[in-house]
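Text of the file entry21.txt, holding compact mmCIF, N, CA and C atoms:
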```txt
# COMPACT_ATOMS: atom_id res chain seq x y z
N GLN A 261 0.83 -1.19 0.00
CA GLN A 261 0.00 0.00 0.00
C GLN A 261 0.87 1.24 0.00
N VAL A 262 0.40 2.25 -0.67
CA VAL A 262 1.05 3.55 -0.71
C VAL A 262 0.02 4.59 -0.27
N GLN A 263 0.41 5.42 0.67
CA GLN A 263 -0.44 6.53 1.08
C GLN A 263 0.16 7.82 0.54
N LEU A 264 -0.68 8.63 -0.08
CA LEU A 264 -0.25 9.88 -0.69
C LEU A 264 -1.01 11.04 -0.06
N VAL A 265 -0.28 12.09 0.29
CA VAL A 265 -0.91 13.28 0.87
C VAL A 265 -0.43 14.50 0.11
N GLU A 266 -1.37 15.21 -0.52
CA GLU A 266 -1.03 16.44 -1.23
C GLU A 266 -1.16 17.63 -0.29
N SER A 267 -0.39 18.64 -0.58
CA SER A 267 -0.49 19.90 0.16
C SER A 267 0.00 21.02 -0.73
N GLY A 268 -0.27 22.25 -0.31
CA GLY A 268 0.25 23.39 -1.04
C GLY A 268 -0.76 24.15 -1.88
N GLY A 269 -1.98 23.65 -1.94
CA GLY A 269 -2.98 24.36 -2.71
C GLY A 269 -3.40 25.65 -2.04
N GLY A 270 -4.20 26.44 -2.75
CA GLY A 270 -4.67 27.69 -2.19
C GLY A 270 -5.23 28.60 -3.24
N LEU A 271 -5.42 29.84 -2.85
CA LEU A 271 -5.96 30.88 -3.74
C LEU A 271 -4.82 31.80 -4.16
N VAL A 272 -4.73 32.03 -5.46
CA VAL A 272 -3.66 32.87 -5.98
C VAL A 272 -4.20 33.69 -7.15
N GLN A 273 -3.63 34.84 -7.36
CA GLN A 273 -4.06 35.66 -8.50
C GLN A 273 -3.41 35.14 -9.78
N ALA A 274 -4.05 35.43 -10.88
CA ALA A 274 -3.50 35.06 -12.17
C ALA A 274 -2.08 35.62 -12.30
N GLY A 275 -1.20 34.77 -12.83
CA GLY A 275 0.20 35.13 -12.95
C GLY A 275 1.05 34.70 -11.77
N GLY A 276 0.40 34.28 -10.71
CA GLY A 276 1.11 33.87 -9.52
C GLY A 276 1.60 32.44 -9.59
N SER A 277 2.16 31.97 -8.47
CA SER A 277 2.76 30.65 -8.41
C SER A 277 2.31 29.90 -7.16
N LEU A 278 2.30 28.60 -7.27
CA LEU A 278 2.08 27.71 -6.14
C LEU A 278 2.96 26.49 -6.33
N ARG A 279 3.34 25.87 -5.24
CA ARG A 279 4.06 24.59 -5.31
C ARG A 279 3.27 23.56 -4.52
N LEU A 280 2.86 22.53 -5.22
CA LEU A 280 2.16 21.42 -4.59
C LEU A 280 3.17 20.34 -4.21
N SER A 281 2.89 19.70 -3.10
CA SER A 281 3.72 18.59 -2.64
C SER A 281 2.88 17.33 -2.57
N CYS A 282 3.51 16.22 -2.83
CA CYS A 282 2.87 14.91 -2.73
C CYS A 282 3.80 14.02 -1.92
N ALA A 283 3.47 13.81 -0.66
CA ALA A 283 4.30 13.02 0.22
C ALA A 283 3.77 11.60 0.29
N ALA A 284 4.69 10.65 0.16
CA ALA A 284 4.31 9.25 0.14
C ALA A 284 4.76 8.54 1.40
N SER A 285 3.97 7.62 1.84
CA SER A 285 4.34 6.74 2.94
C SER A 285 3.87 5.33 2.61
N GLY A 286 4.30 4.37 3.40
CA GLY A 286 3.97 2.99 3.10
C GLY A 286 5.07 2.42 2.23
N ARG A 287 4.72 1.92 1.07
CA ARG A 287 5.73 1.36 0.17
C ARG A 287 6.52 2.45 -0.54
N THR A 288 6.09 3.68 -0.35
CA THR A 288 6.68 4.85 -1.00
C THR A 288 6.69 4.68 -2.51
N PHE A 289 7.53 5.42 -3.18
CA PHE A 289 7.50 5.45 -4.63
C PHE A 289 8.36 4.32 -5.20
N SER A 290 7.86 3.11 -5.04
CA SER A 290 8.64 1.96 -5.50
C SER A 290 8.06 1.37 -6.76
N GLY A 291 7.22 2.12 -7.44
CA GLY A 291 6.57 1.59 -8.63
C GLY A 291 7.14 2.15 -9.90
N TYR A 292 6.26 2.62 -10.78
CA TYR A 292 6.66 3.00 -12.12
C TYR A 292 6.56 4.49 -12.40
N ALA A 293 5.59 5.16 -11.78
CA ALA A 293 5.42 6.58 -12.09
C ALA A 293 4.61 7.25 -11.00
N THR A 294 4.84 8.54 -10.89
CA THR A 294 3.97 9.38 -10.07
C THR A 294 3.40 10.46 -10.98
N GLY A 295 2.11 10.58 -10.95
CA GLY A 295 1.45 11.53 -11.83
C GLY A 295 0.69 12.59 -11.09
N TRP A 296 0.46 13.70 -11.78
CA TRP A 296 -0.41 14.76 -11.29
C TRP A 296 -1.60 14.87 -12.24
N PHE A 297 -2.76 14.97 -11.65
CA PHE A 297 -4.01 15.14 -12.39
C PHE A 297 -4.78 16.29 -11.77
N ARG A 298 -5.75 16.80 -12.51
CA ARG A 298 -6.59 17.84 -11.96
C ARG A 298 -8.03 17.64 -12.44
N GLN A 299 -8.94 18.13 -11.61
CA GLN A 299 -10.35 18.00 -11.95
C GLN A 299 -11.07 19.29 -11.58
N ALA A 300 -11.59 19.95 -12.60
CA ALA A 300 -12.40 21.15 -12.40
C ALA A 300 -13.86 20.73 -12.27
N PRO A 301 -14.68 21.56 -11.66
CA PRO A 301 -16.10 21.21 -11.50
C PRO A 301 -16.77 20.89 -12.83
N GLY A 302 -17.49 19.78 -12.85
CA GLY A 302 -18.23 19.40 -14.05
C GLY A 302 -17.38 18.78 -15.14
N THR A 303 -16.12 18.50 -14.85
CA THR A 303 -15.24 17.91 -15.86
C THR A 303 -14.65 16.61 -15.34
N GLU A 304 -14.07 15.84 -16.25
CA GLU A 304 -13.40 14.62 -15.85
C GLU A 304 -11.99 14.94 -15.36
N ARG A 305 -11.46 14.03 -14.59
CA ARG A 305 -10.09 14.18 -14.11
C ARG A 305 -9.15 14.16 -15.30
N ALA A 306 -8.23 15.13 -15.36
CA ALA A 306 -7.36 15.28 -16.52
C ALA A 306 -5.89 15.18 -16.13
N PHE A 307 -5.13 14.61 -17.02
CA PHE A 307 -3.68 14.46 -16.84
C PHE A 307 -3.01 15.82 -16.87
N VAL A 308 -2.05 16.02 -15.98
CA VAL A 308 -1.24 17.24 -15.95
C VAL A 308 0.21 16.93 -16.28
N GLY A 309 0.75 15.92 -15.63
CA GLY A 309 2.14 15.55 -15.87
C GLY A 309 2.48 14.31 -15.09
N THR A 310 3.61 13.69 -15.46
CA THR A 310 4.03 12.48 -14.78
C THR A 310 5.54 12.35 -14.83
N ILE A 311 6.09 11.69 -13.81
CA ILE A 311 7.52 11.43 -13.75
C ILE A 311 7.73 9.93 -13.59
N ARG A 312 8.57 9.37 -14.44
CA ARG A 312 8.91 7.96 -14.32
C ARG A 312 9.93 7.77 -13.20
N TRP A 313 9.76 6.72 -12.43
CA TRP A 313 10.70 6.49 -11.34
C TRP A 313 12.01 5.90 -11.81
N SER A 314 12.00 5.23 -12.91
CA SER A 314 13.24 4.75 -13.50
C SER A 314 13.69 5.76 -14.55
N GLY A 315 14.74 6.48 -14.26
CA GLY A 315 15.26 7.45 -15.22
C GLY A 315 14.79 8.87 -15.01
N GLY A 316 13.64 9.04 -14.39
CA GLY A 316 13.15 10.38 -14.08
C GLY A 316 12.59 11.15 -15.26
N ASP A 317 12.28 10.48 -16.36
CA ASP A 317 11.70 11.19 -17.51
C ASP A 317 10.34 11.77 -17.13
N ILE A 318 10.07 12.93 -17.70
CA ILE A 318 8.84 13.66 -17.36
C ILE A 318 8.12 14.07 -18.64
N VAL A 319 6.81 14.04 -18.59
CA VAL A 319 6.01 14.54 -19.69
C VAL A 319 4.86 15.36 -19.11
N TYR A 320 4.46 16.40 -19.85
CA TYR A 320 3.43 17.32 -19.38
C TYR A 320 2.29 17.44 -20.38
N LEU A 321 1.15 17.83 -19.85
CA LEU A 321 0.05 18.28 -20.68
C LEU A 321 0.53 19.51 -21.46
N ASN A 322 0.18 19.60 -22.73
CA ASN A 322 0.69 20.69 -23.57
C ASN A 322 0.41 22.07 -22.99
N SER A 323 -0.76 22.23 -22.42
CA SER A 323 -1.16 23.57 -21.96
C SER A 323 -0.42 24.03 -20.70
N VAL A 324 0.33 23.13 -20.06
CA VAL A 324 1.10 23.54 -18.87
C VAL A 324 2.60 23.52 -19.13
N LYS A 325 3.01 23.07 -20.30
CA LYS A 325 4.45 23.04 -20.61
C LYS A 325 5.03 24.44 -20.51
N GLY A 326 6.19 24.53 -19.89
CA GLY A 326 6.85 25.82 -19.72
C GLY A 326 6.36 26.59 -18.51
N ARG A 327 5.25 26.17 -17.93
CA ARG A 327 4.73 26.84 -16.72
C ARG A 327 4.80 25.93 -15.49
N PHE A 328 4.59 24.65 -15.69
CA PHE A 328 4.60 23.70 -14.57
C PHE A 328 5.87 22.86 -14.63
N THR A 329 6.38 22.50 -13.46
CA THR A 329 7.58 21.67 -13.39
C THR A 329 7.40 20.62 -12.31
N ILE A 330 7.63 19.38 -12.68
CA ILE A 330 7.59 18.27 -11.72
C ILE A 330 9.02 17.97 -11.27
N SER A 331 9.18 17.77 -9.98
CA SER A 331 10.48 17.36 -9.45
C SER A 331 10.23 16.40 -8.29
N ARG A 332 11.30 15.79 -7.82
CA ARG A 332 11.15 14.85 -6.73
C ARG A 332 12.34 14.95 -5.79
N ASP A 333 12.07 14.58 -4.56
CA ASP A 333 13.10 14.48 -3.53
C ASP A 333 13.01 13.07 -2.97
N ASN A 334 13.91 12.21 -3.42
CA ASN A 334 13.84 10.81 -3.01
C ASN A 334 14.01 10.64 -1.51
N ALA A 335 14.87 11.46 -0.92
CA ALA A 335 15.11 11.34 0.52
C ALA A 335 13.86 11.65 1.34
N LYS A 336 13.01 12.51 0.80
CA LYS A 336 11.78 12.88 1.50
C LYS A 336 10.57 12.13 0.99
N ASN A 337 10.77 11.25 0.01
CA ASN A 337 9.65 10.52 -0.59
C ASN A 337 8.55 11.49 -1.04
N THR A 338 8.97 12.55 -1.66
CA THR A 338 8.02 13.62 -2.04
C THR A 338 8.23 14.01 -3.50
N VAL A 339 7.12 14.22 -4.17
CA VAL A 339 7.12 14.74 -5.54
C VAL A 339 6.45 16.10 -5.49
N TYR A 340 6.98 17.03 -6.28
CA TYR A 340 6.49 18.40 -6.28
C TYR A 340 5.92 18.76 -7.65
N LEU A 341 4.98 19.68 -7.62
CA LEU A 341 4.48 20.29 -8.85
C LEU A 341 4.58 21.80 -8.67
N GLN A 342 5.60 22.38 -9.29
CA GLN A 342 5.76 23.83 -9.24
C GLN A 342 4.93 24.43 -10.36
N MET A 343 4.03 25.33 -10.00
CA MET A 343 3.12 25.92 -10.98
C MET A 343 3.36 27.42 -11.03
N ASN A 344 3.82 27.89 -12.17
CA ASN A 344 4.08 29.31 -12.37
C ASN A 344 3.14 29.87 -13.43
N SER A 345 3.05 31.18 -13.49
CA SER A 345 2.20 31.86 -14.48
C SER A 345 0.80 31.26 -14.51
N LEU A 346 0.25 31.10 -13.35
CA LEU A 346 -1.06 30.44 -13.24
C LEU A 346 -2.15 31.25 -13.92
N LYS A 347 -3.10 30.53 -14.49
CA LYS A 347 -4.22 31.12 -15.20
C LYS A 347 -5.52 30.67 -14.54
N PRO A 348 -6.59 31.45 -14.70
CA PRO A 348 -7.87 31.02 -14.11
C PRO A 348 -8.29 29.62 -14.56
N GLU A 349 -7.94 29.23 -15.77
CA GLU A 349 -8.33 27.91 -16.26
C GLU A 349 -7.54 26.78 -15.61
N ASP A 350 -6.53 27.12 -14.79
CA ASP A 350 -5.82 26.11 -14.01
C ASP A 350 -6.56 25.77 -12.71
N THR A 351 -7.63 26.49 -12.43
CA THR A 351 -8.40 26.23 -11.22
C THR A 351 -8.98 24.82 -11.24
N ALA A 352 -8.71 24.06 -10.19
CA ALA A 352 -9.16 22.67 -10.12
C ALA A 352 -8.71 22.07 -8.79
N VAL A 353 -9.19 20.89 -8.52
CA VAL A 353 -8.61 20.07 -7.45
C VAL A 353 -7.49 19.27 -8.08
N TYR A 354 -6.32 19.34 -7.49
CA TYR A 354 -5.14 18.65 -8.02
C TYR A 354 -4.87 17.40 -7.19
N TYR A 355 -4.63 16.31 -7.89
CA TYR A 355 -4.38 15.03 -7.26
C TYR A 355 -3.02 14.49 -7.70
N CYS A 356 -2.32 13.86 -6.77
CA CYS A 356 -1.17 13.07 -7.18
C CYS A 356 -1.55 11.60 -7.09
N ALA A 357 -0.86 10.80 -7.86
CA ALA A 357 -1.18 9.39 -7.94
C ALA A 357 0.09 8.59 -8.18
N ALA A 358 0.08 7.36 -7.71
CA ALA A 358 1.22 6.47 -7.88
C ALA A 358 0.79 5.23 -8.67
N ALA A 359 1.64 4.88 -9.61
CA ALA A 359 1.40 3.67 -10.40
C ALA A 359 2.41 2.62 -9.98
N THR A 360 1.94 1.53 -9.40
CA THR A 360 2.84 0.48 -8.96
C THR A 360 2.67 -0.80 -9.78
N ARG A 361 1.89 -0.72 -10.82
CA ARG A 361 1.71 -1.86 -11.70
C ARG A 361 2.29 -1.55 -13.07
N LEU A 362 2.96 -2.52 -13.64
CA LEU A 362 3.52 -2.34 -14.97
C LEU A 362 2.40 -2.35 -15.99
N ILE A 363 2.37 -1.32 -16.84
CA ILE A 363 1.44 -1.27 -17.95
C ILE A 363 2.24 -1.59 -19.21
N SER A 364 2.07 -2.77 -19.70
CA SER A 364 2.87 -3.23 -20.82
C SER A 364 2.70 -2.34 -22.03
N GLY A 365 3.83 -1.95 -22.64
CA GLY A 365 3.78 -1.17 -23.86
C GLY A 365 3.67 0.32 -23.68
N ARG A 366 3.60 0.79 -22.47
CA ARG A 366 3.46 2.23 -22.23
C ARG A 366 4.67 2.76 -21.50
N TYR A 367 5.33 3.77 -22.09
CA TYR A 367 6.50 4.36 -21.44
C TYR A 367 6.07 5.41 -20.43
N TYR A 368 5.16 6.29 -20.85
CA TYR A 368 4.62 7.31 -19.94
C TYR A 368 3.22 6.91 -19.50
N TYR A 369 2.98 7.13 -18.24
CA TYR A 369 1.67 6.78 -17.67
C TYR A 369 0.84 8.05 -17.63
N THR A 370 0.02 8.24 -18.63
CA THR A 370 -0.71 9.50 -18.81
C THR A 370 -2.21 9.38 -18.59
N GLN A 371 -2.68 8.20 -18.26
CA GLN A 371 -4.12 8.01 -18.06
C GLN A 371 -4.39 7.65 -16.61
N SER A 372 -5.50 8.13 -16.11
CA SER A 372 -5.80 7.94 -14.69
C SER A 372 -5.95 6.46 -14.32
N ASP A 373 -6.42 5.64 -15.24
CA ASP A 373 -6.64 4.23 -14.89
C ASP A 373 -5.34 3.43 -14.84
N MET A 374 -4.22 4.07 -15.13
CA MET A 374 -2.91 3.43 -14.99
C MET A 374 -2.41 3.54 -13.55
N TYR A 375 -3.06 4.35 -12.76
CA TYR A 375 -2.60 4.63 -11.40
C TYR A 375 -3.50 3.91 -10.40
N ASN A 376 -2.88 3.31 -9.40
CA ASN A 376 -3.66 2.54 -8.46
C ASN A 376 -3.66 3.10 -7.04
N PHE A 377 -2.94 4.18 -6.80
CA PHE A 377 -3.02 4.86 -5.50
C PHE A 377 -3.18 6.35 -5.74
N TRP A 378 -4.06 6.98 -4.96
CA TRP A 378 -4.39 8.39 -5.14
C TRP A 378 -4.38 9.13 -3.81
N GLY A 379 -3.98 10.40 -3.89
CA GLY A 379 -4.12 11.26 -2.74
C GLY A 379 -5.52 11.83 -2.65
N GLN A 380 -5.75 12.63 -1.64
CA GLN A 380 -7.08 13.16 -1.38
C GLN A 380 -7.39 14.40 -2.20
N GLY A 381 -6.38 15.01 -2.78
CA GLY A 381 -6.55 16.20 -3.59
C GLY A 381 -6.35 17.48 -2.81
N THR A 382 -5.94 18.51 -3.51
CA THR A 382 -5.78 19.83 -2.92
C THR A 382 -6.33 20.88 -3.90
N GLN A 383 -7.09 21.82 -3.37
CA GLN A 383 -7.76 22.81 -4.21
C GLN A 383 -6.80 23.92 -4.62
N VAL A 384 -6.79 24.21 -5.91
CA VAL A 384 -6.06 25.36 -6.44
C VAL A 384 -7.08 26.27 -7.11
N THR A 385 -7.13 27.51 -6.67
CA THR A 385 -8.04 28.49 -7.24
C THR A 385 -7.23 29.69 -7.72
N VAL A 386 -7.40 30.01 -9.00
CA VAL A 386 -6.68 31.14 -9.59
C VAL A 386 -7.71 32.20 -9.96
N SER A 387 -7.57 33.36 -9.35
CA SER A 387 -8.51 34.45 -9.62
C SER A 387 -7.99 35.34 -10.73
N SER A 388 -8.92 35.90 -11.48
CA SER A 388 -8.52 36.75 -12.61
C SER A 388 -8.37 38.21 -12.18
```
Let me see the structure of the file written as structure tokens.
Amino acid sequence: QVQLVESGGGLVQAGGSLRLSCAASGRTFSGYATGWFRQAPGTERAFVGTIRWSGGDIVYLNSVKGRFTISRDNAKNTVYLQMNSLKPEDTAVYYCAAATRLISGRYYYTQSDMYNFWGQGTQVTVSS
């Protein structure tokens, strides 16, 4: 089992920054990927970015490239999502997730059903 706890959400003006943290306990990040997703009201949960645990390769949703950065601190069992130049359309509940099952044929884990452990989410609100 992996327990994930997100933190760092809040209210920020457009153009501002926030850093989300995803702290893991239990088996920690011993799987294949840690991903960030977001869900705005009335929409489905959407992929934001993911980091592979082997090699550290990262991929992002196109609309956040150049603004969001995923990083990790192995010693703290924590993955971060640095969000800069925030826009009102970034408003959502942000979730981190861990994938501990191998998905054959997939290098990047970009779909929510590839992840088997989820945090509780943290609200990010960007005002215009």
- Message: From the options A:Asn334, A:Ala352, A:Leu264, A:Asp373, which residue's atoms come nearest to Gly286 in chain A, counting only N, CA and C atoms?
- Response: A:Leu264
- Query: Skipping near chain neighbours, those fewer than 2 positions away, what residues fall within 7 Å of Asn376 in chain A using all atoms listed in the file, listed as a ChimeraX atom specification?
  - Reply: /A:357-361,372-374,378
How would the residues just chosen look if you wrote them out with N, CA and C atoms as an mmCIF file, in the frame of the given file?
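Saved the output as result04.cif:
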```
data_model
loop_
_atom_site.group_PDB
_atom_site.id
_atom_site.type_symbol
_atom_site.label_atom_id
_atom_site.label_comp_id
_atom_site.auth_asym_id
_atom_site.auth_seq_id
_atom_site.Cartn_x
_atom_site.Cartn_y
_atom_site.Cartn_z
ATOM 1 N N ALA A 357 -0.860 10.800 -7.860
ATOM 2 C CA ALA A 357 -1.180 9.390 -7.940
ATOM 3 C C ALA A 357 0.090 8.590 -8.180
ATOM 4 N N ALA A 358 0.080 7.360 -7.710
ATOM 5 C CA ALA A 358 1.220 6.470 -7.880
ATOM 6 C C ALA A 358 0.790 5.230 -8.670
ATOM 7 N N ALA A 359 1.640 4.880 -9.610
ATOM 8 C CA ALA A 359 1.400 3.670 -10.400
ATOM 9 C C ALA A 359 2.410 2.620 -9.980
ATOM 10 N N THR A 360 1.940 1.530 -9.400
ATOM 11 C CA THR A 360 2.840 0.480 -8.960
ATOM 12 C C THR A 360 2.670 -0.800 -9.780
ATOM 13 N N ARG A 361 1.890 -0.720 -10.820
ATOM 14 C CA ARG A 361 1.710 -1.860 -11.700
ATOM 15 C C ARG A 361 2.290 -1.550 -13.070
ATOM 16 N N SER A 372 -5.500 8.130 -16.110
ATOM 17 C CA SER A 372 -5.800 7.940 -14.690
ATOM 18 C C SER A 372 -5.950 6.460 -14.320
ATOM 19 N N ASP A 373 -6.420 5.640 -15.240
ATOM 20 C CA ASP A 373 -6.640 4.230 -14.890
ATOM 21 C C ASP A 373 -5.340 3.430 -14.840
ATOM 22 N N MET A 374 -4.220 4.070 -15.130
ATOM 23 C CA MET A 374 -2.910 3.430 -14.990
ATOM 24 C C MET A 374 -2.410 3.540 -13.550
ATOM 25 N N TRP A 378 -4.060 6.980 -4.960
ATOM 26 C CA TRP A 378 -4.390 8.390 -5.140
ATOM 27 C C TRP A 378 -4.380 9.130 -3.810
#
```
Using DSSP secondary structure from the backbone, list all strand (DSSP E or B) positions within chain A, as a compact mmCIF listing (two decimals) with N, CA and C atoms, in the coordinates of the input.
```
# COMPACT_ATOMS: atom_id res chain seq x y z
N VAL A 262 0.40 2.25 -0.67
CA VAL A 262 1.05 3.55 -0.71
C VAL A 262 0.02 4.59 -0.27
N GLN A 263 0.41 5.42 0.67
CA GLN A 263 -0.44 6.53 1.08
C GLN A 263 0.16 7.82 0.54
N LEU A 264 -0.68 8.63 -0.08
CA LEU A 264 -0.25 9.88 -0.69
C LEU A 264 -1.01 11.04 -0.06
N VAL A 265 -0.28 12.09 0.29
CA VAL A 265 -0.91 13.28 0.87
C VAL A 265 -0.43 14.50 0.11
N GLU A 266 -1.37 15.21 -0.52
CA GLU A 266 -1.03 16.44 -1.23
C GLU A 266 -1.16 17.63 -0.29
N SER A 267 -0.39 18.64 -0.58
CA SER A 267 -0.49 19.90 0.16
C SER A 267 0.00 21.02 -0.73
N GLY A 270 -4.20 26.44 -2.75
CA GLY A 270 -4.67 27.69 -2.19
C GLY A 270 -5.23 28.60 -3.24
N LEU A 271 -5.42 29.84 -2.85
CA LEU A 271 -5.96 30.88 -3.74
C LEU A 271 -4.82 31.80 -4.16
N VAL A 272 -4.73 32.03 -5.46
CA VAL A 272 -3.66 32.87 -5.98
C VAL A 272 -4.20 33.69 -7.15
N GLN A 273 -3.63 34.84 -7.36
CA GLN A 273 -4.06 35.66 -8.50
C GLN A 273 -3.41 35.14 -9.78
N LEU A 278 2.30 28.60 -7.27
CA LEU A 278 2.08 27.71 -6.14
C LEU A 278 2.96 26.49 -6.33
N ARG A 279 3.34 25.87 -5.24
CA ARG A 279 4.06 24.59 -5.31
C ARG A 279 3.27 23.56 -4.52
N LEU A 280 2.86 22.53 -5.22
CA LEU A 280 2.16 21.42 -4.59
C LEU A 280 3.17 20.34 -4.21
N SER A 281 2.89 19.70 -3.10
CA SER A 281 3.72 18.59 -2.64
C SER A 281 2.88 17.33 -2.57
N CYS A 282 3.51 16.22 -2.83
CA CYS A 282 2.87 14.91 -2.73
C CYS A 282 3.80 14.02 -1.92
N ALA A 283 3.47 13.81 -0.66
CA ALA A 283 4.30 13.02 0.22
C ALA A 283 3.77 11.60 0.29
N ALA A 284 4.69 10.65 0.16
CA ALA A 284 4.31 9.25 0.14
C ALA A 284 4.76 8.54 1.40
N SER A 285 3.97 7.62 1.84
CA SER A 285 4.34 6.74 2.94
C SER A 285 3.87 5.33 2.61
N GLY A 286 4.30 4.37 3.40
CA GLY A 286 3.97 2.99 3.10
C GLY A 286 5.07 2.42 2.23
N ALA A 293 5.59 5.16 -11.78
CA ALA A 293 5.42 6.58 -12.09
C ALA A 293 4.61 7.25 -11.00
N THR A 294 4.84 8.54 -10.89
CA THR A 294 3.97 9.38 -10.07
C THR A 294 3.40 10.46 -10.98
N GLY A 295 2.11 10.58 -10.95
CA GLY A 295 1.45 11.53 -11.83
C GLY A 295 0.69 12.59 -11.09
N TRP A 296 0.46 13.70 -11.78
CA TRP A 296 -0.41 14.76 -11.29
C TRP A 296 -1.60 14.87 -12.24
N PHE A 297 -2.76 14.97 -11.65
CA PHE A 297 -4.01 15.14 -12.39
C PHE A 297 -4.78 16.29 -11.77
N ARG A 298 -5.75 16.80 -12.51
CA ARG A 298 -6.59 17.84 -11.96
C ARG A 298 -8.03 17.64 -12.44
N GLN A 299 -8.94 18.13 -11.61
CA GLN A 299 -10.35 18.00 -11.95
C GLN A 299 -11.07 19.29 -11.58
N ALA A 306 -8.23 15.13 -15.36
CA ALA A 306 -7.36 15.28 -16.52
C ALA A 306 -5.89 15.18 -16.13
N PHE A 307 -5.13 14.61 -17.02
CA PHE A 307 -3.68 14.46 -16.84
C PHE A 307 -3.01 15.82 -16.87
N VAL A 308 -2.05 16.02 -15.98
CA VAL A 308 -1.24 17.24 -15.95
C VAL A 308 0.21 16.93 -16.28
N GLY A 309 0.75 15.92 -15.63
CA GLY A 309 2.14 15.55 -15.87
C GLY A 309 2.48 14.31 -15.09
N THR A 310 3.61 13.69 -15.46
CA THR A 310 4.03 12.48 -14.78
C THR A 310 5.54 12.35 -14.83
N ILE A 311 6.09 11.69 -13.81
CA ILE A 311 7.52 11.43 -13.75
C ILE A 311 7.73 9.93 -13.59
N ARG A 312 8.57 9.37 -14.44
CA ARG A 312 8.91 7.96 -14.32
C ARG A 312 9.93 7.77 -13.20
N ILE A 318 10.07 12.93 -17.70
CA ILE A 318 8.84 13.66 -17.36
C ILE A 318 8.12 14.07 -18.64
N VAL A 319 6.81 14.04 -18.59
CA VAL A 319 6.01 14.54 -19.69
C VAL A 319 4.86 15.36 -19.11
N TYR A 320 4.46 16.40 -19.85
CA TYR A 320 3.43 17.32 -19.38
C TYR A 320 2.29 17.44 -20.38
N PHE A 328 4.59 24.65 -15.69
CA PHE A 328 4.60 23.70 -14.57
C PHE A 328 5.87 22.86 -14.63
N THR A 329 6.38 22.50 -13.46
CA THR A 329 7.58 21.67 -13.39
C THR A 329 7.40 20.62 -12.31
N ILE A 330 7.63 19.38 -12.68
CA ILE A 330 7.59 18.27 -11.72
C ILE A 330 9.02 17.97 -11.27
N SER A 331 9.18 17.77 -9.98
CA SER A 331 10.48 17.36 -9.45
C SER A 331 10.23 16.40 -8.29
N ARG A 332 11.30 15.79 -7.82
CA ARG A 332 11.15 14.85 -6.73
C ARG A 332 12.34 14.95 -5.79
N ASP A 333 12.07 14.58 -4.56
CA ASP A 333 13.10 14.48 -3.53
C ASP A 333 13.01 13.07 -2.97
N THR A 338 8.97 12.55 -1.66
CA THR A 338 8.02 13.62 -2.04
C THR A 338 8.23 14.01 -3.50
N VAL A 339 7.12 14.22 -4.17
CA VAL A 339 7.12 14.74 -5.54
C VAL A 339 6.45 16.10 -5.49
N TYR A 340 6.98 17.03 -6.28
CA TYR A 340 6.49 18.40 -6.28
C TYR A 340 5.92 18.76 -7.65
N LEU A 341 4.98 19.68 -7.62
CA LEU A 341 4.48 20.29 -8.85
C LEU A 341 4.58 21.80 -8.67
N GLN A 342 5.60 22.38 -9.29
CA GLN A 342 5.76 23.83 -9.24
C GLN A 342 4.93 24.43 -10.36
N MET A 343 4.03 25.33 -10.00
CA MET A 343 3.12 25.92 -10.98
C MET A 343 3.36 27.42 -11.03
N ALA A 352 -8.71 24.06 -10.19
CA ALA A 352 -9.16 22.67 -10.12
C ALA A 352 -8.71 22.07 -8.79
N VAL A 353 -9.19 20.89 -8.52
CA VAL A 353 -8.61 20.07 -7.45
C VAL A 353 -7.49 19.27 -8.08
N TYR A 354 -6.32 19.34 -7.49
CA TYR A 354 -5.14 18.65 -8.02
C TYR A 354 -4.87 17.40 -7.19
N TYR A 355 -4.63 16.31 -7.89
CA TYR A 355 -4.38 15.03 -7.26
C TYR A 355 -3.02 14.49 -7.70
N CYS A 356 -2.32 13.86 -6.77
CA CYS A 356 -1.17 13.07 -7.18
C CYS A 356 -1.55 11.60 -7.09
N ALA A 357 -0.86 10.80 -7.86
CA ALA A 357 -1.18 9.39 -7.94
C ALA A 357 0.09 8.59 -8.18
N ALA A 358 0.08 7.36 -7.71
CA ALA A 358 1.22 6.47 -7.88
C ALA A 358 0.79 5.23 -8.67
N ALA A 359 1.64 4.88 -9.61
CA ALA A 359 1.40 3.67 -10.40
C ALA A 359 2.41 2.62 -9.98
N PHE A 377 -2.94 4.18 -6.80
CA PHE A 377 -3.02 4.86 -5.50
C PHE A 377 -3.18 6.35 -5.74
N TRP A 378 -4.06 6.98 -4.96
CA TRP A 378 -4.39 8.39 -5.14
C TRP A 378 -4.38 9.13 -3.81
N THR A 382 -5.94 18.51 -3.51
CA THR A 382 -5.78 19.83 -2.92
C THR A 382 -6.33 20.88 -3.90
N GLN A 383 -7.09 21.82 -3.37
CA GLN A 383 -7.76 22.81 -4.21
C GLN A 383 -6.80 23.92 -4.62
N VAL A 384 -6.79 24.21 -5.91
CA VAL A 384 -6.06 25.36 -6.44
C VAL A 384 -7.08 26.27 -7.11
N THR A 385 -7.13 27.51 -6.67
CA THR A 385 -8.04 28.49 -7.24
C THR A 385 -7.23 29.69 -7.72
N VAL A 386 -7.40 30.01 -9.00
CA VAL A 386 -6.68 31.14 -9.59
C VAL A 386 -7.71 32.20 -9.96
N SER A 387 -7.57 33.36 -9.35
CA SER A 387 -8.51 34.45 -9.62
C SER A 387 -7.99 35.34 -10.73
```
- Query: So which one's closest to Arg327 in chain A, A:Ser345, A:Phe307, A:Tyr369, A:Val265? Using all atoms listed in the file, please.
  - Reply: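 So, comparing all the options, the nearest one is A:Ser345.
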- Task: Find the distance between CA of Ala274 in chain A and atom C of Gln380 in chain A and write it in Å to one decimal.
- Result: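 Going from CA of Ala274 in chain A over to atom C of Gln380 in chain A, I get 23.3 Å.
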- Item | Best match for closeness to Ser314 in chain A among A:Tyr292, A:Tyr367, A:Phe377, A:Phe297, counting all atoms listed in the file | A:Tyr292
- Message: Report, in Å to a single decimal, how far apart atom N of Gly379 in chain A and atom N of Glu266 in chain A are.
- Response: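 Separation between atom N of Glu266 in chain A and atom N of Gly379 in chain A: 6.4 Å.
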- Query: Could you name the residues that touch Lys347 in chain A at 6 Å or less, counting all atoms listed in the file, but leaving out those on the same chain fewer than 2 positions away, as a ChimeraX atom specification?
  - Reply: /A:274-275,345,349-351,386
